[in-house]
file data.txt (compact mmCIF, C-alpha atoms)
# COMPACT_ATOMS: atom_id res chain seq x y z
CA MET A 1319 130.48 158.74 65.79
CA ALA A 1320 133.14 156.17 65.08
CA SER A 1321 133.24 155.14 68.72
CA VAL A 1322 129.48 154.60 68.73
CA LEU A 1323 129.79 152.39 65.65
CA LEU A 1324 132.66 150.53 67.25
CA LEU A 1325 130.62 149.99 70.40
CA ALA A 1326 127.63 148.74 68.38
CA ALA A 1327 129.87 146.39 66.42
CA ALA A 1328 131.41 145.07 69.62
CA GLY A 1329 127.93 144.58 71.07
CA ALA A 1330 126.76 142.73 67.99
CA ALA A 1331 129.86 140.55 67.99
CA GLY A 1332 129.30 139.78 71.67
CA ALA A 1333 125.69 138.84 71.05
CA ALA A 1334 126.66 136.67 68.10
CA LEU A 1335 129.29 134.91 70.20
CA LEU A 1336 126.79 134.35 72.98
CA ALA A 1337 124.25 132.95 70.52
CA LEU A 1338 126.92 130.68 69.02
CA ARG A 1339 127.98 129.52 72.47
CA LEU A 1340 124.34 128.87 73.43
CA TRP A 1341 123.90 126.84 70.28
CA VAL A 1342 127.03 124.83 71.02
CA VAL A 1343 125.94 124.17 74.60
CA LEU A 1344 122.47 123.10 73.53
CA ARG A 1345 123.91 120.83 70.86
CA SER A 1346 126.52 119.22 73.06
CA ARG A 1347 125.68 116.00 74.80
CA ALA A 1348 126.82 115.42 78.34
CA PRO A 1349 129.56 112.83 78.71
CA GLY A 1350 128.56 109.29 79.54
CA PRO A 1351 128.57 106.52 80.56
CA ARG A 1352 128.32 107.20 84.26
CA GLN A 1353 127.46 105.46 87.50
CA SER A 1354 125.45 108.14 89.22
CA LEU A 1355 124.37 111.72 88.78
CA SER A 1356 123.12 114.54 90.90
CA LEU A 1357 119.61 115.69 90.24
CA LEU A 1358 118.02 119.10 90.68
CA VAL A 1359 114.24 118.91 90.74
CA VAL A 1360 112.21 122.09 90.44
CA ALA A 1361 109.12 121.17 92.40
CA GLY A 1362 107.45 124.56 92.37
CA SER A 1363 104.07 124.43 93.98
CA GLY A 1364 100.75 122.68 94.24
CA GLY A 1365 99.91 120.11 91.62
CA HIS A 1366 103.32 120.42 89.99
CA THR A 1367 104.98 118.88 93.04
CA THR A 1368 102.62 115.92 93.14
CA GLU A 1369 103.20 115.31 89.48
CA ILE A 1370 106.97 115.51 89.51
CA LEU A 1371 107.22 113.22 92.53
CA ARG A 1372 105.33 110.62 90.54
CA LEU A 1373 107.93 110.91 87.81
CA LEU A 1374 110.65 110.32 90.38
CA GLU A 1375 108.97 107.22 91.74
CA LYS A 1376 110.62 104.84 89.31
CA LEU A 1377 114.01 106.51 89.11
CA SER A 1378 116.84 104.35 90.42
CA ASN A 1379 119.11 105.29 93.29
CA ALA A 1380 121.76 106.31 90.77
CA TYR A 1381 119.97 109.68 90.71
CA SER A 1382 121.52 110.88 93.92
CA PRO A 1383 121.80 113.25 95.67
CA ARG A 1384 118.45 114.80 94.87
CA HIS A 1385 118.06 118.54 95.34
CA TYR A 1386 114.57 119.97 95.39
CA ILE A 1387 113.67 123.59 94.80
CA ILE A 1388 110.35 124.84 96.11
CA ALA A 1389 108.68 128.23 96.41
CA ASP A 1390 109.58 129.73 99.77
CA THR A 1391 106.00 129.89 101.01
CA ASP A 1392 105.10 126.38 99.97
CA GLU A 1393 104.99 124.23 103.10
CA MET A 1394 102.71 121.73 101.40
CA SER A 1395 105.37 120.82 98.84
CA ALA A 1396 108.07 120.50 101.50
CA HIS A 1397 105.82 118.12 103.37
CA LYS A 1398 105.08 116.05 100.26
CA ILE A 1399 108.77 115.81 99.38
CA ASN A 1400 109.76 114.73 102.88
CA SER A 1401 107.18 112.00 103.01
CA PHE A 1402 108.07 110.88 99.46
CA GLU A 1403 111.75 110.56 100.38
CA LEU A 1404 111.05 108.78 103.64
CA ASP A 1405 108.71 106.32 101.95
CA ARG A 1406 111.33 105.66 99.35
CA ALA A 1407 113.99 105.04 101.98
CA ASP A 1408 111.59 102.76 103.79
CA ARG A 1409 111.00 100.62 100.76
CA ASP A 1410 114.71 100.26 100.05
CA PRO A 1411 116.68 98.54 102.81
CA ASN A 1412 120.00 99.80 101.38
CA THR A 1413 119.33 103.43 102.18
CA MET A 1414 119.59 104.33 105.79
CA PHE A 1415 119.60 108.06 105.19
CA PRO A 1416 118.18 109.31 101.91
CA GLU A 1417 120.40 111.98 100.43
CA TYR A 1418 118.14 114.86 99.54
CA TYR A 1419 118.03 118.58 100.13
CA ILE A 1420 115.24 121.12 99.91
CA HIS A 1421 116.08 124.64 98.74
CA ARG A 1422 113.69 127.55 98.77
CA ILE A 1423 113.44 130.52 96.42
CA PRO A 1424 110.74 133.18 96.03
CA ARG A 1425 107.98 132.50 93.51
CA SER A 1426 108.80 133.98 90.14
CA ARG A 1427 105.21 134.40 89.12
CA GLU A 1428 102.03 134.42 91.11
CA VAL A 1429 98.96 133.23 89.26
CA ARG A 1430 97.41 136.09 87.23
CA GLN A 1431 100.40 138.39 87.61
CA SER A 1432 100.83 140.87 84.76
CA TRP A 1433 103.44 140.33 82.06
CA LEU A 1434 105.59 143.33 82.87
CA SER A 1435 105.85 142.62 86.58
CA THR A 1436 106.52 138.99 85.68
CA VAL A 1437 109.62 140.14 83.82
CA VAL A 1438 110.84 142.08 86.86
CA THR A 1439 110.21 139.28 89.34
CA THR A 1440 111.74 136.73 86.98
CA LEU A 1441 114.90 138.85 86.77
CA TYR A 1442 114.94 139.01 90.54
CA SER A 1443 114.57 135.25 90.94
CA MET A 1444 117.23 134.84 88.23
CA TRP A 1445 119.52 136.81 90.55
CA LEU A 1446 118.76 134.31 93.33
CA SER A 1447 118.68 131.20 91.15
CA PHE A 1448 122.12 131.42 89.66
CA PRO A 1449 124.09 131.23 92.94
CA LEU A 1450 121.95 128.29 94.01
CA THR A 1451 122.39 126.43 90.73
CA HIS A 1452 126.09 127.23 90.78
CA ARG A 1453 126.45 125.85 94.29
CA VAL A 1454 124.58 122.63 93.53
CA LYS A 1455 126.13 122.14 90.05
CA PRO A 1456 123.70 119.37 89.16
CA ASP A 1457 124.24 116.92 86.31
CA LEU A 1458 120.56 117.01 85.48
CA VAL A 1459 117.74 119.52 85.96
CA LEU A 1460 114.22 118.13 85.88
CA CYS A 1461 111.15 120.32 85.82
CA ASN A 1462 107.52 120.28 84.78
CA GLY A 1463 106.42 123.85 84.45
CA PRO A 1464 106.09 125.88 87.66
CA GLY A 1465 107.17 129.49 87.06
CA THR A 1466 110.27 128.94 89.18
CA CYS A 1467 111.74 126.53 86.66
CA VAL A 1468 112.50 129.18 84.02
CA PRO A 1469 115.18 131.07 85.99
CA ILE A 1470 116.65 127.79 87.24
CA CYS A 1471 116.94 126.37 83.73
CA ILE A 1472 118.46 129.60 82.44
CA SER A 1473 120.99 129.46 85.29
CA ALA A 1474 121.78 125.87 84.39
CA LEU A 1475 122.32 126.94 80.77
CA LEU A 1476 124.55 129.74 81.97
CA LEU A 1477 126.76 127.19 83.71
CA GLY A 1478 127.20 125.60 80.30
CA ILE A 1479 127.75 128.89 78.47
CA LEU A 1480 130.42 129.91 80.96
CA GLY A 1481 132.06 126.52 80.53
CA ILE A 1482 131.60 125.58 84.19
CA LYS A 1483 129.47 122.50 83.62
CA LYS A 1484 127.20 121.05 80.99
CA VAL A 1485 123.86 120.49 82.72
CA ILE A 1486 121.24 118.33 81.04
CA ILE A 1487 117.83 120.01 81.15
CA VAL A 1488 114.79 117.77 80.94
CA TYR A 1489 111.38 119.39 80.80
CA VAL A 1490 108.21 117.33 81.22
CA GLU A 1491 105.06 119.24 80.32
CA SER A 1492 102.31 118.70 82.87
CA ILE A 1493 99.62 116.12 82.14
CA CYS A 1494 97.12 119.02 82.37
CA ARG A 1495 98.43 120.39 79.09
CA VAL A 1496 96.57 118.55 76.38
CA GLU A 1497 96.65 120.97 73.45
CA HIS A 1498 98.57 124.05 74.59
CA LEU A 1499 101.96 124.41 76.22
CA SER A 1500 102.23 126.36 79.46
CA LEU A 1501 104.10 129.67 79.45
CA SER A 1502 107.16 127.97 81.01
CA GLY A 1503 106.84 125.25 78.40
CA LYS A 1504 106.83 127.72 75.52
CA ILE A 1505 110.03 129.31 76.82
CA LEU A 1506 111.85 126.14 77.76
CA PHE A 1507 110.90 124.30 74.59
CA HIS A 1508 113.84 126.12 73.02
CA LEU A 1509 116.20 125.89 75.97
CA SER A 1510 115.85 122.30 77.19
CA ASP A 1511 117.80 119.27 75.99
CA TYR A 1512 114.78 116.99 76.13
CA PHE A 1513 111.22 118.24 76.05
CA ILE A 1514 108.63 115.62 76.94
CA VAL A 1515 104.89 115.97 76.30
CA GLN A 1516 102.18 113.61 77.48
CA TRP A 1517 99.46 113.99 74.89
CA PRO A 1518 99.62 113.14 71.17
CA ALA A 1519 98.08 116.50 70.16
CA LEU A 1520 101.10 118.33 71.58
CA LYS A 1521 103.55 115.97 69.91
CA GLU A 1522 101.87 116.78 66.61
CA LYS A 1523 102.15 120.51 67.22
CA TYR A 1524 105.72 120.28 68.45
CA PRO A 1525 107.37 117.48 66.48
CA LYS A 1526 110.71 118.01 68.21
CA SER A 1527 109.22 117.04 71.55
CA VAL A 1528 109.42 113.52 72.98
CA TYR A 1529 106.22 111.55 73.51
CA LEU A 1530 106.36 108.46 75.74
CA GLY A 1531 102.64 108.16 76.45
CA ARG A 1532 101.27 109.14 79.81
CA ILE A 1533 104.11 108.89 82.31
CA VAL A 1534 102.50 110.16 85.53
CA MET B 1376 110.20 119.09 108.30
CA ALA B 1377 108.18 115.95 108.69
CA ASP B 1378 108.67 113.89 111.77
CA PHE B 1379 111.69 111.70 111.80
CA ARG B 1380 110.74 108.13 111.20
CA PHE B 1381 112.71 105.04 111.97
CA PRO B 1382 113.73 102.89 109.05
CA ARG B 1383 111.40 99.93 108.88
CA SER B 1384 113.85 97.50 110.42
CA ALA B 1385 114.57 99.72 113.41
CA ARG B 1386 111.05 100.88 114.12
CA PRO B 1387 109.91 100.17 117.67
CA LEU B 1388 107.32 97.49 117.93
CA GLN B 1389 103.84 98.84 118.30
CA HIS B 1390 100.43 97.26 118.55
CA THR B 1391 101.79 94.08 119.93
CA TRP B 1392 98.83 93.56 122.17
CA ARG B 1393 95.30 94.52 121.57
CA PRO B 1394 92.25 93.38 123.50
CA LEU B 1395 89.78 91.35 121.53
CA ARG B 1396 86.95 93.80 121.88
CA HIS B 1397 88.82 96.22 119.60
CA ILE B 1398 88.34 93.96 116.65
CA ARG B 1399 85.87 95.73 114.42
CA PRO B 1400 82.57 93.96 113.89
CA LEU B 1401 81.87 92.85 110.35
CA ARG B 1402 79.79 95.69 108.99
CA PHE B 1403 78.45 94.36 105.77
CA GLY B 1404 77.28 90.99 106.91
CA LEU B 1405 74.75 88.83 105.14
CA GLY B 1406 71.42 90.48 104.58
CA THR B 1407 72.58 94.09 105.05
CA ARG B 1408 73.30 96.13 101.96
CA ALA B 1409 76.47 98.22 101.92
CA MET B 1410 75.82 101.94 102.17
CA LYS B 1411 76.42 103.56 98.83
CA CYS B 1412 78.31 106.80 99.17
CA VAL B 1413 78.76 109.91 97.02
CA PHE B 1414 81.85 112.03 97.58
CA VAL B 1415 81.90 115.65 96.38
CA THR B 1416 85.26 117.47 96.23
CA VAL B 1417 86.16 121.02 95.21
CA GLY B 1418 89.89 120.83 96.02
CA THR B 1419 91.61 123.87 97.52
CA THR B 1420 89.32 126.30 95.71
CA SER B 1421 85.72 127.23 96.41
CA PHE B 1422 82.81 126.16 94.25
CA ASP B 1423 79.66 127.32 96.03
CA ASP B 1424 77.36 126.66 93.08
CA LEU B 1425 78.29 123.00 93.09
CA VAL B 1426 77.94 122.59 96.85
CA ALA B 1427 74.56 124.33 96.80
CA CYS B 1428 73.37 122.28 93.85
CA VAL B 1429 74.41 118.91 95.26
CA SER B 1430 72.95 119.54 98.69
CA ALA B 1431 69.66 120.93 97.33
CA HIS B 1432 66.55 118.98 98.24
CA ASP B 1433 65.85 117.84 94.68
CA THR B 1434 69.35 116.52 94.14
CA LEU B 1435 69.29 114.64 97.44
CA GLN B 1436 66.04 113.02 96.33
CA ILE B 1437 67.66 111.92 93.09
CA LEU B 1438 70.66 110.48 94.93
CA ARG B 1439 68.37 108.57 97.26
CA SER B 1440 66.34 107.22 94.38
CA LEU B 1441 69.60 105.96 92.87
CA GLY B 1442 70.34 104.07 96.06
CA TYR B 1443 72.89 106.36 97.68
CA SER B 1444 72.51 106.78 101.40
CA ARG B 1445 75.53 108.88 102.26
CA LEU B 1446 76.87 112.17 100.90
CA VAL B 1447 80.26 113.53 101.91
CA LEU B 1448 81.16 117.09 100.84
CA GLN B 1449 84.66 118.55 100.82
CA ILE B 1450 83.96 122.26 100.35
CA GLY B 1451 87.37 124.00 100.54
CA ARG B 1452 87.11 127.76 100.92
CA GLY B 1453 83.41 127.82 100.05
CA LYS B 1454 80.87 130.10 101.72
CA VAL B 1455 77.98 127.71 101.28
CA VAL B 1456 78.07 125.23 104.16
CA PRO B 1457 75.21 122.70 104.13
CA GLU B 1458 73.82 121.45 107.43
CA PRO B 1459 75.11 118.00 108.33
CA LEU B 1460 72.35 115.42 108.40
CA SER B 1461 72.07 112.02 109.92
CA THR B 1462 68.92 109.96 109.70
CA GLU B 1463 68.29 106.24 109.43
CA SER B 1464 68.18 106.35 105.67
CA PHE B 1465 70.50 109.18 104.73
CA ALA B 1466 73.64 110.89 106.06
CA LEU B 1467 75.31 114.09 104.94
CA ASP B 1468 78.79 115.09 106.12
CA VAL B 1469 80.64 118.31 105.41
CA TYR B 1470 84.26 119.33 105.91
CA ARG B 1471 86.61 121.91 104.42
CA TYR B 1472 89.98 120.17 104.04
CA LYS B 1473 91.77 117.01 105.04
CA ASP B 1474 95.44 116.17 104.66
CA SER B 1475 94.52 113.41 102.29
CA LEU B 1476 91.28 112.73 100.48
CA GLU B 1477 92.38 109.21 99.79
CA GLU B 1478 90.19 107.54 102.37
CA ASP B 1479 87.04 109.36 101.27
CA LEU B 1480 87.77 108.60 97.64
CA GLN B 1481 88.33 104.97 98.47
CA LYS B 1482 85.01 104.71 100.29
CA ALA B 1483 83.02 106.47 97.58
CA ASP B 1484 80.89 104.72 94.99
CA LEU B 1485 80.53 107.90 92.96
CA VAL B 1486 82.72 111.00 92.93
CA ILE B 1487 81.51 114.43 91.89
CA SER B 1488 84.46 116.78 91.45
CA HIS B 1489 85.56 120.18 90.22
CA ALA B 1490 87.72 120.09 87.09
CA GLY B 1491 91.05 120.14 88.97
CA ALA B 1492 93.61 117.84 87.41
CA GLY B 1493 94.71 116.39 90.74
CA SER B 1494 91.21 115.42 91.83
CA CYS B 1495 90.34 113.98 88.39
CA LEU B 1496 93.44 111.85 88.12
CA GLU B 1497 93.36 110.60 91.67
CA THR B 1498 89.72 109.56 91.36
CA LEU B 1499 90.22 107.79 88.05
CA GLU B 1500 93.23 105.94 89.40
CA LYS B 1501 91.08 104.56 92.17
CA ARG B 1502 88.70 103.37 89.46
CA LYS B 1503 85.79 105.34 90.83
CA PRO B 1504 83.01 106.62 88.56
CA LEU B 1505 83.54 110.36 88.17
CA VAL B 1506 81.33 113.29 87.26
CA VAL B 1507 83.28 116.50 86.64
CA VAL B 1508 81.29 119.68 87.14
CA VAL B 1509 82.69 122.67 85.30
CA ASN B 1510 82.70 126.02 87.06
CA GLU B 1511 81.33 128.38 84.42
CA LYS B 1512 82.43 131.37 86.46
CA LEU B 1513 86.08 130.51 85.89
CA MET B 1514 86.97 131.40 82.33
CA ASN B 1515 90.15 130.30 80.58
CA ASN B 1516 90.81 127.74 83.22
CA HIS B 1517 93.57 125.60 81.71
CA GLN B 1518 92.58 122.68 83.90
CA LEU B 1519 89.51 122.26 81.72
CA GLU B 1520 91.71 120.95 78.92
CA LEU B 1521 92.41 117.78 80.83
CA ALA B 1522 88.83 117.16 82.01
CA LYS B 1523 87.52 117.69 78.47
CA GLN B 1524 90.04 115.28 77.00
CA LEU B 1525 89.31 112.62 79.63
CA HIS B 1526 85.62 113.05 78.86
CA LYS B 1527 86.31 112.69 75.15
CA ASP B 1528 88.16 109.46 75.89
CA GLY B 1529 85.15 108.17 77.83
CA HIS B 1530 86.71 108.10 81.32
CA LEU B 1531 84.32 110.52 83.04
CA PHE B 1532 81.04 112.40 82.77
CA TYR B 1533 81.16 116.12 82.32
CA CYS B 1534 78.51 118.73 83.11
CA THR B 1535 77.69 122.13 84.62
CA CYS B 1536 75.80 122.77 87.85
CA SER B 1537 72.51 123.26 86.04
CA THR B 1538 72.77 120.00 84.10
CA LEU B 1539 74.04 117.91 87.02
CA PRO B 1540 70.64 116.65 88.29
CA GLY B 1541 69.62 115.59 84.80
CA LEU B 1542 72.93 113.85 84.23
CA LEU B 1543 72.75 111.99 87.54
CA GLN B 1544 69.41 110.54 86.47
CA SER B 1545 70.36 109.64 82.93
CA MET B 1546 73.98 108.51 83.19
CA ASP B 1547 74.96 104.87 82.92
CA LEU B 1548 78.11 104.27 84.95
CA SER B 1549 78.84 101.04 83.11
CA THR B 1550 79.62 103.01 79.94
CA LEU B 1551 82.69 104.60 81.52
CA LYS B 1552 85.99 103.26 80.28
CA CYS B 1553 88.66 102.11 82.65
CA PHE B 1554 91.58 104.53 83.01
CA PRO B 1555 94.95 102.86 82.45
CA PRO B 1556 97.66 103.81 84.96
CA GLY B 1557 100.49 106.13 83.87
CA GLN B 1558 103.87 104.62 83.10
CA PRO B 1559 106.63 106.41 85.00
CA GLU B 1560 108.90 103.43 84.26
CA LYS B 1561 108.97 104.52 80.60
CA PHE B 1562 110.25 107.89 81.74
CA SER B 1563 112.98 106.40 83.88
CA ALA B 1564 114.08 104.10 81.05
CA PHE B 1565 114.24 107.08 78.70
CA LEU B 1566 116.19 109.16 81.21
CA ASP B 1567 118.67 106.36 81.97
CA LYS B 1568 119.40 106.15 78.26
CA VAL B 1569 119.84 109.85 77.50
CA VAL B 1570 122.03 110.62 80.51
CA GLY B 1571 124.22 107.61 79.77
CA LEU B 1572 123.64 105.80 83.01
CA GLN B 1573 125.39 102.46 83.25
CA LYS B 1574 123.33 99.62 84.55
call {"tool": "encode", "arguments": {"input": "data.txt", "output": "structure tokens"}}
result
Amino acid sequence: MASVLLLAAAGAAGAALLALRLWVVLRSRAPGPRQSLSLLVVAGSGGHTTEILRLLEKLSNAYSPRHYIIADTDEMSAHKINSFELDRADRDPNTMFPEYYIHRIPRSREVRQSWLSTVVTTLYSMWLSFPLTHRVKPDLVLCNGPGTCVPICISALLLGILGIKKVIIVYVESICRVEHLSLSGKILFHLSDYFIVQWPALKEKYPKSVYLGRIV
Amino acid sequence: MADFRFPRSARPLQHTWRPLRHIRPLRFGLGTRAMKCVFVTVGTTSFDDLVACVSAHDTLQILRSLGYSRLVLQIGRGKVVPEPLSTESFALDVYRYKDSLEEDLQKADLVISHAGAGSCLETLEKRKPLVVVVNEKLMNNHQLELAKQLHKDGHLFYCTCSTLPGLLQSMDLSTLKCFPPGQPEKFSAFLDKVVGLQK
């Protein structure tokens, strides 16, 4: 009986410590100033990729190297990213070879997948996401809501919790979301450092979010 | 992987010589009216009701009466495939997908689209008058949020298949408000600041 109590107490203490550590990581600000930083972009699939590439259009070359994560079956996104990077290099005479990498992971959630199986597949992609995030060790994670971004952001947080590296997580809710956050948005609202929305109605509902007008 | 491309400076010279006869004749010379074109797009989905409705005899009559002489349909995965048509006064073209719809959007004088965010935004950015047709068979489609809002802000017309012919006849394109471009530079300025990037 006593050992069960002891175990429960230890568990509770562990959870409390983890929560405290999470809070500390989320509160901490990454060190600056800096000259350049590595960027991990979760491109996901379909419209999300188009949208996030438009966000990247005006970013300076200080955001380098750029790592992209796409769903493993998503050739369309790979194609869009390649042509985006080549165009960018073309416009800028200083870059001979753009420094970017494309990584692939399985989709964490197909459209219309049930909740329970979503949990299982998300855990599975978590298992794959962490080694990838750990290898890249980005300074900044940028995402706009494909299912894949949840395990990546949690992995990035984990790097902070374990004291390996503080990763800044920036979430930009898709322009499609006018009044309601996406599922990824609802989860990452609590876990991101900066949460950007693009419509005033969302800013009203979520006062902690950042509203810069329409940015895509 | 996309094809490797030379950086601009190192690209081999192409098109250095071209015989004169390849110069395209001026198509819209004095006295000839430009062909007005309607472009219908359903994106990567299928939207048979819309394709059937737009290519129906009555709708074609309405389009002609409004001065359109060309109809281009991008039908995606749809099962309804209208017969292409090419007469002196009217042309109808059909295709499923293209790598980029940009050219067709650019040529269009009116765009009729499904409610997909990508199609809506791309059309509005090209400053083309847009009619969004909602697919009533798709419930809880989150993409509707955007189309509804853009309609509320006066940037596009919004209807269902059954109300499309009526709308085409009654709408006044000059009432549409211009859609201001997005400002990604605001995002980059914000990001530079919060990550502590030194200029």
call {"tool": "atom_distance", "arguments": {"input": "data.txt", "atom1": "atom CA of Ile1533 of chain A", "atom2": "atom CA of Glu1520 of chain B"}}
result
17.6 Å
call {"tool": "residues_around", "arguments": {"input": "data.txt", "residues": "Leu1458 of chain A", "least_positions_apart": "4", "cutoff": "8 Å", "atoms": "all atoms listed in the file", "output": "NGL selection string"}}
result
:A and (1355-1358 or 1485-1488)
call {"tool": "closest_atom_pairs", "arguments": {"input": "data.txt", "of": "chain B", "to": "chain A", "cutoff": "7 Å", "atoms": "only C-alpha atoms", "output": "CSV"}}
result
residue,atom,partner,partner_atom,distance
B:Met1376,CA,A:His1397,CA,6.7
B:Ala1377,CA,A:Asn1400,CA,6.1
B:Pro1382,CA,A:Asp1408,CA,5.7
B:Arg1383,CA,A:Asp1408,CA,5.8
B:Ala1492,CA,A:Cys1494,CA,6.3
B:Gly1493,CA,A:Gly1365,CA,6.5
B:Gln1518,CA,A:Cys1494,CA,6.0
B:Glu1520,CA,A:Val1496,CA,6.0
B:Leu1521,CA,A:Cys1494,CA,5.1
B:Gly1557,CA,A:Val1534,CA,4.8
B:Gln1558,CA,A:Ile1533,CA,4.3
B:Pro1559,CA,A:Ile1533,CA,4.4
B:Glu1560,CA,A:Lys1376,CA,5.5
B:Lys1561,CA,A:Ile1533,CA,6.8
B:Phe1562,CA,A:Ile1533,CA,6.2
B:Ser1563,CA,A:Leu1377,CA,5.3
B:Val1570,CA,A:Gly1350,CA,6.7
B:Gly1571,CA,A:Pro1351,CA,4.6
B:Leu1572,CA,A:Arg1352,CA,5.0
B:Gln1573,CA,A:Gln1353,CA,5.6
call {"tool": "atom_distance", "arguments": {"input": "data.txt", "atom1": "atom CA of Lys1482 of chain B", "atom2": "atom CA of Thr1498 of chain B"}}
result
11.2 Å
call {"tool": "residues_around", "arguments": {"input": "data.txt", "residues": "Ile1450 of chain B", "least_positions_apart": "3", "cutoff": "6 Å", "atoms": "all atoms listed in the file", "output": "number ranges by chain"}}
result
B: 1417, 1453, 1471
call {"tool": "closest_residue", "arguments": {"input": "data.txt", "among": "A:Lys1504, A:Lys1526, A:Ser1382, A:His1421", "to": "Glu1403 of chain A", "atoms": "only C-alpha atoms"}}
result
A:Ser1382
call {"tool": "atom_distance", "arguments": {"input": "data.txt", "atom1": "atom CA of Tyr1418 of chain A", "atom2": "atom CA of Gly1463 of chain A"}}
result
21.1 Å
call {"tool": "residues_around", "arguments": {"input": "data.txt", "residues": "Leu1476 of chain A", "least_positions_apart": "4", "cutoff": "12 Å", "atoms": "all atoms listed in the file", "output": "list of chain:residue names"}}
result
A:Leu1336, A:Ala1337, A:Arg1339, A:Leu1340, A:Val1343, A:Leu1344, A:Met1444, A:Ser1447, A:Phe1448, A:Pro1449, A:Thr1451, A:His1452, A:Lys1455, A:Pro1469, A:Ile1470, A:Cys1471, A:Ile1472, A:Leu1480, A:Gly1481, A:Ile1482, A:Lys1483, A:Lys1484, A:Val1485, A:Ile1486, A:Ile1487, A:Leu1509
call {"tool": "residues_near_point", "arguments": {"input": "data.txt", "point": "(112.1, 133.2, 97.6)", "cutoff": "12 Å", "atoms": "all atoms listed in the file", "output": "list of chain:residue names"}}
result
A:Gly1362, A:Ile1387, A:Ile1388, A:Ala1389, A:Asp1390, A:Thr1391, A:Asp1392, A:His1421, A:Arg1422, A:Ile1423, A:Pro1424, A:Arg1425, A:Ser1426, A:Arg1427, A:Thr1439, A:Thr1440, A:Tyr1442, A:Ser1443, A:Met1444, A:Trp1445, A:Leu1446, A:Ser1447, A:Leu1450, A:Thr1466
call {"tool": "closest_residue", "arguments": {"input": "data.txt", "among": "B:Ser1440, B:Ser1488, B:Thr1462, B:Ser1545", "to": "Phe1422 of chain B", "atoms": "all atoms listed in the file"}}
result
B:Ser1488
call {"tool": "closest_residue", "arguments": {"input": "data.txt", "among": "A:Leu1520, A:Leu1441, A:Val1342, A:Val1515", "to": "Gly1478 of chain A", "atoms": "all atoms listed in the file"}}
result
A:Val1342
call {"tool": "axis_aligned_box", "arguments": {"input": "data.txt", "around": "segment 1351-1364 of chain A", "padding_each_side": "3 Å", "output": "lines of an AutoDock Vina configuration file"}}
result
center_x = 114.7
center_y = 115.0
center_z = 87.4
size_x = 33.8
size_y = 25.1
size_z = 19.7
call {"tool": "decode", "arguments": {"input": "data.txt", "residues": "segment 1428-1437 of chain B", "atoms": "N, CA, C and O atoms", "output": "PDB file, in the first residue's frame"}}
result
ATOM      1  N   CYS B1428     -24.186  22.785 -64.624  1.00  0.00           N
ATOM      2  CA  CYS B1428     -24.980  24.015 -64.625  1.00  0.00           C
ATOM      3  C   CYS B1428     -24.393  25.047 -65.588  1.00  0.00           C
ATOM      4  O   CYS B1428     -25.115  25.659 -66.377  1.00  0.00           O
ATOM      5  N   VAL B1429     -23.080  25.229 -65.542  1.00  0.00           N
ATOM      6  CA  VAL B1429     -22.453  26.259 -66.370  1.00  0.00           C
ATOM      7  C   VAL B1429     -22.528  25.917 -67.855  1.00  0.00           C
ATOM      8  O   VAL B1429     -22.704  26.791 -68.706  1.00  0.00           O
ATOM      9  N   SER B1430     -22.418  24.600 -68.148  1.00  0.00           N
ATOM     10  CA  SER B1430     -22.400  24.236 -69.566  1.00  0.00           C
ATOM     11  C   SER B1430     -23.799  23.937 -70.108  1.00  0.00           C
ATOM     12  O   SER B1430     -23.941  23.539 -71.256  1.00  0.00           O
ATOM     13  N   ALA B1431     -24.820  24.117 -69.279  1.00  0.00           N
ATOM     14  CA  ALA B1431     -26.198  23.911 -69.745  1.00  0.00           C
ATOM     15  C   ALA B1431     -26.559  24.972 -70.783  1.00  0.00           C
ATOM     16  O   ALA B1431     -26.018  26.083 -70.766  1.00  0.00           O
ATOM     17  N   HIS B1432     -27.469  24.602 -71.667  1.00  0.00           N
ATOM     18  CA  HIS B1432     -27.833  25.467 -72.778  1.00  0.00           C
ATOM     19  C   HIS B1432     -28.253  26.866 -72.311  1.00  0.00           C
ATOM     20  O   HIS B1432     -27.798  27.883 -72.838  1.00  0.00           O
ATOM     21  N   ASP B1433     -29.105  26.895 -71.277  1.00  0.00           N
ATOM     22  CA  ASP B1433     -29.627  28.183 -70.803  1.00  0.00           C
ATOM     23  C   ASP B1433     -28.507  29.092 -70.298  1.00  0.00           C
ATOM     24  O   ASP B1433     -28.502  30.300 -70.567  1.00  0.00           O
ATOM     25  N   THR B1434     -27.573  28.491 -69.550  1.00  0.00           N
ATOM     26  CA  THR B1434     -26.487  29.310 -69.007  1.00  0.00           C
ATOM     27  C   THR B1434     -25.600  29.841 -70.131  1.00  0.00           C
ATOM     28  O   THR B1434     -25.174  31.000 -70.111  1.00  0.00           O
ATOM     29  N   LEU B1435     -25.351  28.987 -71.134  1.00  0.00           N
ATOM     30  CA  LEU B1435     -24.532  29.441 -72.261  1.00  0.00           C
ATOM     31  C   LEU B1435     -25.200  30.627 -72.963  1.00  0.00           C
ATOM     32  O   LEU B1435     -24.535  31.575 -73.374  1.00  0.00           O
ATOM     33  N   GLN B1436     -26.526  30.545 -73.077  1.00  0.00           N
ATOM     34  CA  GLN B1436     -27.264  31.661 -73.686  1.00  0.00           C
ATOM     35  C   GLN B1436     -27.054  32.947 -72.897  1.00  0.00           C
ATOM     36  O   GLN B1436     -26.830  34.016 -73.464  1.00  0.00           O
ATOM     37  N   ILE B1437     -27.145  32.808 -71.577  1.00  0.00           N
ATOM     38  CA  ILE B1437     -26.965  33.997 -70.718  1.00  0.00           C
ATOM     39  C   ILE B1437     -25.568  34.575 -70.918  1.00  0.00           C
ATOM     40  O   ILE B1437     -25.385  35.783 -71.105  1.00  0.00           O
TER      41      ILE B1437
END
